[in-house]
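*Asks:* Once you've had a glance at the structure underneath, I'll fire off some questions.
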Amino acid sequence: MNDSVLGFRRMQLEDVEQVMMVEHEVYEFPWTERIFSDCIRVGYQCWLAQQQLSIVGHAVISVTAGESHMLNLSIAKQYQRKGFGHQFIEFLVEEARQKDAQTMLLEVRPSNSAAISCYNAAGFNEIGCRKDYYPAPEGREDALLFARHIPVQIESHGN
């Protein structure tokens with residue numbers, strides 16, 4: 001397998017322990033094991049990005065009523081700035097498209113300039129701000145709201 005190409009698979013309950021290692025590595029205020037377990041149990045799309053058997057990152061999206069929401073996207077520090085976040089986003093957008101979503105939304109901290117650059121490069125546009133959305137060391141931090149249009153894919157039989 002090419003080292004620059006990721007594989008993707010559904011996150012299982014037994015993966016949550018490993019997911020938590022990445023989550024704690026990359027976030028000051030990480031999700032909890034219970035949040036991930038609940039997302040898996042209720043049927044959100046919970047994914048792992050892998051390179052061979054190593055977990056590169058994880059993501060959770062919800063898709064409903066023509067809209068998808070990227071709730072979590074995390075890439076382990078050792079794999080950041082290598083294009084893996086962009087690959088993962090494109091995979092997630094395609095998964096949402098297959099579930100008839102026409103838009104993908106996400107929130108990001110204004111202080112997370114690396115993620116903002118990645119989202120901009122992946123075709124997301126800032127459409128708003130959610131005040132006091134995230135916990136922060138000194139109270140709360142706003143969230144920038146981003147969206148990407150997902151065009152309907154015309155079926156072609158040559159792929």
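By order in the structure tokens, chains are A, B, ...; within a chain, residues start at 1; ligands start at 1, following the order shown.
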Can you tell me which residues surround A:Ile35 at a distance of at most 12 Å, considering only C-alpha atoms, apart from same-chain residues fewer than 2 positions away, and format the answer as a ChimeraX atom specification?

*Replies:* /A:13,16,19-20,23,30-33,37-42,44,46,60,71-72

*Asks:* Can you list every residue in stretch 74-106 of chain A that DSSP puts in strand (DSSP E or B), as a PyMOL selection string?

*Replies:* chain A and resi 74-75+103-106

*Asks:* Store the residues picked out above, limited to C-alpha atoms, as a PDB file, in the first residue's frame.

*Replies:*
ATOM      1  CA  SER A  74      -8.910  14.282  14.187  1.00  0.00           C
ATOM      2  CA  ILE A  75      -5.559  13.402  12.659  1.00  0.00           C
ATOM      3  CA  THR A 103     -24.242  20.223   2.137  1.00  0.00           C
ATOM      4  CA  MET A 104     -21.617  19.443   4.749  1.00  0.00           C
ATOM      5  CA  LEU A 105     -21.311  21.713   7.778  1.00  0.00           C
ATOM      6  CA  LEU A 106     -18.641  21.876  10.473  1.00  0.00           C
TER       7      LEU A 106
END

*Asks:* My list of candidates is A:Ala121, A:Ile127, A:His86, A:His149. Which is closest to A:Ala101 when distances are computed with only C-alpha atoms?

*Replies:*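 When distances to A:Ala101 are compared using only C-alpha atoms, the smallest one comes from A:His149.
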
*Asks:* Which residue out of A:Asp15, A:Glu28, A:Glu95, A:Glu107 has the minimum interatomic distance to A:Gly128 when only C-alpha atoms are used?

*Replies:*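 The answer is A:Glu107, which sits nearest to A:Gly128.
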
*Asks:* Skipping near chain neighbours, those fewer than 2 positions away, what residues fall within 10 Å of A:Trp47 using only C-alpha atoms, listed as a PyMOL selection string?

*Replies:* chain A and resi 8-12+40+44-45+49-50+57-61+73+88+91-92

*Asks:* Measure the distance from atom CA of A:Glu94 to atom CA of A:Gln80 in Å and round it to one decimal.

*Replies:*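 Those two atoms sit 21.5 Å apart.
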
*Asks:* Interatomic distance between atom CA of A:Gly7 and atom CA of A:Met70?

*Replies:* 18.8 Å

*Asks:* Give me, please, the distance in Å between atom CA of A:Phe29 and atom CA of A:Ala136, quoted to one decimal.

*Replies:*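 Taking atom CA of A:Phe29 and atom CA of A:Ala136, their separation equals 7.8 Å.
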
*Asks:* From the options A:Glu17, A:Leu6, A:Arg34, A:Glu67, which residue's atoms come nearest to A:Leu53, counting only C-alpha atoms?

*Replies:*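 Nearest to A:Leu53: A:Leu6.
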
*Asks:* Choose the residue, out of A:Gln18, A:Asn125, A:Ala114, A:His69, that has the smallest atom-to-atom separation from A:Lys82; count only C-alpha atoms.

*Replies:* A:Ala114

*Asks:* Between A:Gln52, A:Tyr119, A:Asp142, A:Pro151, which has the minimum distance to A:Ser4 (counting only C-alpha atoms)?

*Replies:*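 Closest to A:Ser4 of all the choices is A:Gln52.
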
*Asks:* Between A:Phe84, A:Phe146, A:Tyr133, A:Phe124, which residue has the minimum interatomic distance to A:Gln51, considering only C-alpha atoms?

*Replies:*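 The closest residue to A:Gln51 is A:Phe84.
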
*Asks:* Could you give me, as a short mmCIF file (atom, residue, chain, number, x, y, z; two decimals) with N, CA and C atoms, in the first residue's frame, each residue of stretch 86-146 of chain A that DSSP assigns to alpha helix (DSSP H) when run on this structure's backbone?

*Replies:*
data_model
loop_
_atom_site.label_atom_id
_atom_site.label_comp_id
_atom_site.auth_asym_id
_atom_site.auth_seq_id
_atom_site.Cartn_x
_atom_site.Cartn_y
_atom_site.Cartn_z
N HIS A 86 -7.01 16.15 4.26
CA HIS A 86 -7.72 16.42 3.01
C HIS A 86 -8.29 15.13 2.42
N GLN A 87 -7.49 14.06 2.41
CA GLN A 87 -7.99 12.76 1.91
C GLN A 87 -9.20 12.30 2.71
N PHE A 88 -9.12 12.45 4.02
CA PHE A 88 -10.20 12.01 4.90
C PHE A 88 -11.47 12.83 4.62
N ILE A 89 -11.30 14.14 4.47
CA ILE A 89 -12.45 15.00 4.18
C ILE A 89 -13.12 14.57 2.88
N GLU A 90 -12.33 14.32 1.85
CA GLU A 90 -12.92 13.92 0.55
C GLU A 90 -13.67 12.60 0.69
N PHE A 91 -13.14 11.67 1.47
CA PHE A 91 -13.84 10.42 1.73
C PHE A 91 -15.17 10.68 2.43
N LEU A 92 -15.16 11.53 3.46
CA LEU A 92 -16.37 11.83 4.23
C LEU A 92 -17.42 12.53 3.37
N VAL A 93 -16.98 13.44 2.51
CA VAL A 93 -17.90 14.13 1.61
C VAL A 93 -18.56 13.12 0.68
N GLU A 94 -17.78 12.18 0.17
CA GLU A 94 -18.34 11.16 -0.72
C GLU A 94 -19.34 10.27 0.03
N GLU A 95 -19.03 9.91 1.27
CA GLU A 95 -19.98 9.13 2.08
C GLU A 95 -21.28 9.91 2.27
N ALA A 96 -21.17 11.20 2.55
CA ALA A 96 -22.37 12.03 2.73
C ALA A 96 -23.15 12.12 1.41
N ARG A 97 -22.43 12.27 0.29
CA ARG A 97 -23.09 12.34 -1.02
C ARG A 97 -23.90 11.07 -1.28
N GLN A 98 -23.33 9.93 -0.92
CA GLN A 98 -24.01 8.67 -1.15
C GLN A 98 -25.27 8.52 -0.29
N SER A 113 -5.75 27.42 13.20
CA SER A 113 -5.44 27.89 11.85
C SER A 113 -5.08 26.75 10.89
N ALA A 114 -4.47 25.69 11.39
CA ALA A 114 -4.13 24.55 10.51
C ALA A 114 -5.40 23.90 9.98
N ALA A 115 -6.39 23.69 10.84
CA ALA A 115 -7.65 23.09 10.40
C ALA A 115 -8.39 24.02 9.44
N ILE A 116 -8.39 25.30 9.73
CA ILE A 116 -9.06 26.26 8.85
C ILE A 116 -8.43 26.22 7.45
N SER A 117 -7.11 26.17 7.38
CA SER A 117 -6.43 26.07 6.08
C SER A 117 -6.83 24.80 5.35
N CYS A 118 -6.90 23.69 6.07
CA CYS A 118 -7.29 22.41 5.48
C CYS A 118 -8.72 22.48 4.95
N TYR A 119 -9.63 23.04 5.73
CA TYR A 119 -11.03 23.13 5.30
C TYR A 119 -11.17 24.06 4.09
N ASN A 120 -10.45 25.19 4.10
CA ASN A 120 -10.49 26.08 2.94
C ASN A 120 -9.98 25.37 1.69
N ALA A 121 -8.89 24.63 1.83
CA ALA A 121 -8.32 23.91 0.69
C ALA A 121 -9.26 22.82 0.19
#
